[in-house]
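Everything on this sheet refers to the single structure shown next.
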Amino acid sequence: LVCARSGNLLRADELLARGLELDPGRPDLLGTRAMVLWQLGRAREAQALGRRAADLAPGNADVLNQLAWMLAVAPDPANRDPEEAIRLATEADRLASQSNPQYLDTLAAALAAAGHYEDAEQTAQRALEMSAAAPDSFKRGIRERLALYRTGRAYVEP
């Protein structure tokens, strides 16, 4: 994690891969490596690890939300699965008793990816209203995505 946070993603990937060789059934390591691979632009591999983590921890809202995000906003349309992203984000939101604005933000992105812009707009607005205590950067991201949904566009990660 220290390597990933410091920007040394290749080293983080190497260490996480070694950890998974020793203990392949750890959803936390799978999820962390998935995010590192995602940041390295290896979306398909990241999604595969995210799916393994979700299979191992179907009741873990963070794991489900992470996979939903990757399926909703993947840069390559071939790597997107908006309907599966909606299902996963809805389940993450349910598991969190509909109290986590990050999960609602993901659900909004998934809805927009599926072309449900009005629902995406309403969901993003709820996420924004719930995020009063969140960092400004998080709220700014929701506002930027909300502006896209209002114009009939989905958010796609660069």
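For the structure tokens, the naming scheme is as follows: chains receive sequential letters (A, B, ...) according to their order of presentation, residues are indexed from 1 within each chain, and ligands are indexed from 1 in presentation order.
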- Message: Residues of segment 15-157 of chain A classed as helix (DSSP H, G or I) by DSSP on the backbone are to be reported as number ranges by chain.
- Response: A: 15-22, 27-39, 43-56, 61-73, 77-79, 82-95, 101-113, 117-130, 136-150
Can you spit out the residues from that selection as a tab-separated table (two decimals), in the first residue's frame, using C-alpha atoms?
chain	number	residue	atom	x	y	z
A	15	LEU	CA	4.57	-6.95	-4.11
A	16	LEU	CA	0.82	-7.57	-4.30
A	17	ALA	CA	1.33	-10.29	-6.90
A	18	ARG	CA	3.80	-12.00	-4.56
A	19	GLY	CA	1.36	-11.71	-1.68
A	20	LEU	CA	-1.37	-13.29	-3.78
A	21	GLU	CA	0.95	-16.16	-4.72
A	22	LEU	CA	1.27	-16.90	-1.01
A	27	PRO	CA	-10.16	-10.31	-1.19
A	28	ASP	CA	-8.35	-7.32	0.30
A	29	LEU	CA	-5.15	-8.08	-1.64
A	30	LEU	CA	-7.13	-8.86	-4.78
A	31	GLY	CA	-8.98	-5.56	-4.49
A	32	THR	CA	-5.84	-3.56	-3.81
A	33	ARG	CA	-4.01	-5.15	-6.73
A	34	ALA	CA	-7.07	-4.56	-8.92
A	35	MET	CA	-6.90	-0.83	-8.15
A	36	VAL	CA	-3.17	-0.73	-8.83
A	37	LEU	CA	-3.67	-2.46	-12.18
A	38	TRP	CA	-6.54	-0.06	-12.92
A	39	GLN	CA	-4.26	2.90	-12.27
A	43	ALA	CA	-8.51	-2.48	-16.95
A	44	ARG	CA	-9.28	-6.01	-18.10
A	45	GLU	CA	-6.84	-7.55	-15.60
A	46	ALA	CA	-8.10	-5.23	-12.87
A	47	GLN	CA	-11.69	-6.26	-13.54
A	48	ALA	CA	-10.76	-9.96	-13.47
A	49	LEU	CA	-9.17	-9.53	-10.04
A	50	GLY	CA	-12.14	-7.46	-8.91
A	51	ARG	CA	-14.47	-10.28	-9.94
A	52	ARG	CA	-12.39	-12.79	-7.98
A	53	ALA	CA	-12.53	-10.53	-4.93
A	54	ALA	CA	-16.31	-10.15	-5.30
A	55	ASP	CA	-16.73	-13.91	-5.64
A	56	LEU	CA	-14.76	-14.41	-2.42
A	61	ALA	CA	-19.68	-3.45	-0.08
A	62	ASP	CA	-16.26	-1.91	-0.79
A	63	VAL	CA	-15.27	-4.83	-3.03
A	64	LEU	CA	-18.58	-4.70	-4.91
A	65	ASN	CA	-18.39	-0.93	-5.30
A	66	GLN	CA	-14.84	-1.06	-6.64
A	67	LEU	CA	-15.77	-3.63	-9.29
A	68	ALA	CA	-18.92	-1.69	-10.18
A	69	TRP	CA	-16.85	1.45	-10.75
A	70	MET	CA	-14.40	-0.36	-13.02
A	71	LEU	CA	-17.24	-1.89	-15.05
A	72	ALA	CA	-19.07	1.44	-15.37
A	73	VAL	CA	-16.29	3.85	-16.31
A	77	PRO	CA	-16.16	0.44	-24.21
A	78	ALA	CA	-15.35	-3.26	-24.68
A	79	ASN	CA	-14.46	-3.41	-20.97
A	82	PRO	CA	-23.16	-1.07	-17.25
A	83	GLU	CA	-25.90	-3.52	-16.27
A	84	GLU	CA	-23.55	-5.57	-14.09
A	85	ALA	CA	-22.18	-2.33	-12.65
A	86	ILE	CA	-25.72	-1.23	-11.73
A	87	ARG	CA	-26.37	-4.58	-10.04
A	88	LEU	CA	-23.13	-4.46	-8.05
A	89	ALA	CA	-23.46	-0.80	-7.06
A	90	THR	CA	-27.07	-1.32	-5.99
A	91	GLU	CA	-26.00	-4.24	-3.81
A	92	ALA	CA	-23.12	-2.23	-2.29
A	93	ASP	CA	-25.55	0.59	-1.54
A	94	ARG	CA	-27.99	-1.87	0.05
A	95	LEU	CA	-25.26	-3.44	2.18
A	101	PRO	CA	-22.19	8.68	-0.91
A	102	GLN	CA	-19.31	6.94	-2.69
A	103	TYR	CA	-21.55	3.97	-3.48
A	104	LEU	CA	-24.26	6.30	-4.77
A	105	ASP	CA	-21.67	8.07	-6.92
A	106	THR	CA	-20.72	4.71	-8.42
A	107	LEU	CA	-24.37	3.82	-8.96
A	108	ALA	CA	-24.89	7.14	-10.74
A	109	ALA	CA	-21.91	6.45	-13.02
A	110	ALA	CA	-23.28	2.98	-13.79
A	111	LEU	CA	-26.75	4.36	-14.54
A	112	ALA	CA	-25.27	6.93	-16.90
A	113	ALA	CA	-23.15	4.26	-18.60
A	117	TYR	CA	-29.19	9.85	-17.41
A	118	GLU	CA	-32.16	11.16	-15.42
A	119	ASP	CA	-31.74	8.40	-12.81
A	120	ALA	CA	-27.99	9.04	-12.81
A	121	GLU	CA	-28.58	12.74	-12.22
A	122	GLN	CA	-30.95	12.08	-9.30
A	123	THR	CA	-28.60	9.52	-7.77
A	124	ALA	CA	-25.57	11.80	-8.09
A	125	GLN	CA	-27.55	14.62	-6.51
A	126	ARG	CA	-28.35	12.36	-3.53
A	127	ALA	CA	-24.67	11.42	-3.28
A	128	LEU	CA	-23.72	15.10	-3.26
A	129	GLU	CA	-26.29	15.89	-0.57
A	130	MET	CA	-24.95	13.05	1.59
A	136	ASP	CA	-13.84	18.93	-1.38
A	137	SER	CA	-12.13	16.86	-4.08
A	138	PHE	CA	-14.75	14.12	-3.70
A	139	LYS	CA	-17.62	16.61	-3.93
A	140	ARG	CA	-15.98	18.30	-6.92
A	141	GLY	CA	-15.80	14.94	-8.71
A	142	ILE	CA	-19.48	14.29	-8.12
A	143	ARG	CA	-20.36	17.79	-9.38
A	144	GLU	CA	-18.31	17.26	-12.54
A	145	ARG	CA	-19.99	13.93	-13.24
A	146	LEU	CA	-23.41	15.40	-12.44
A	147	ALA	CA	-22.82	18.06	-15.11
A	148	LEU	CA	-22.14	15.28	-17.63
A	149	TYR	CA	-25.31	13.39	-16.74
A	150	ARG	CA	-27.37	16.56	-17.13
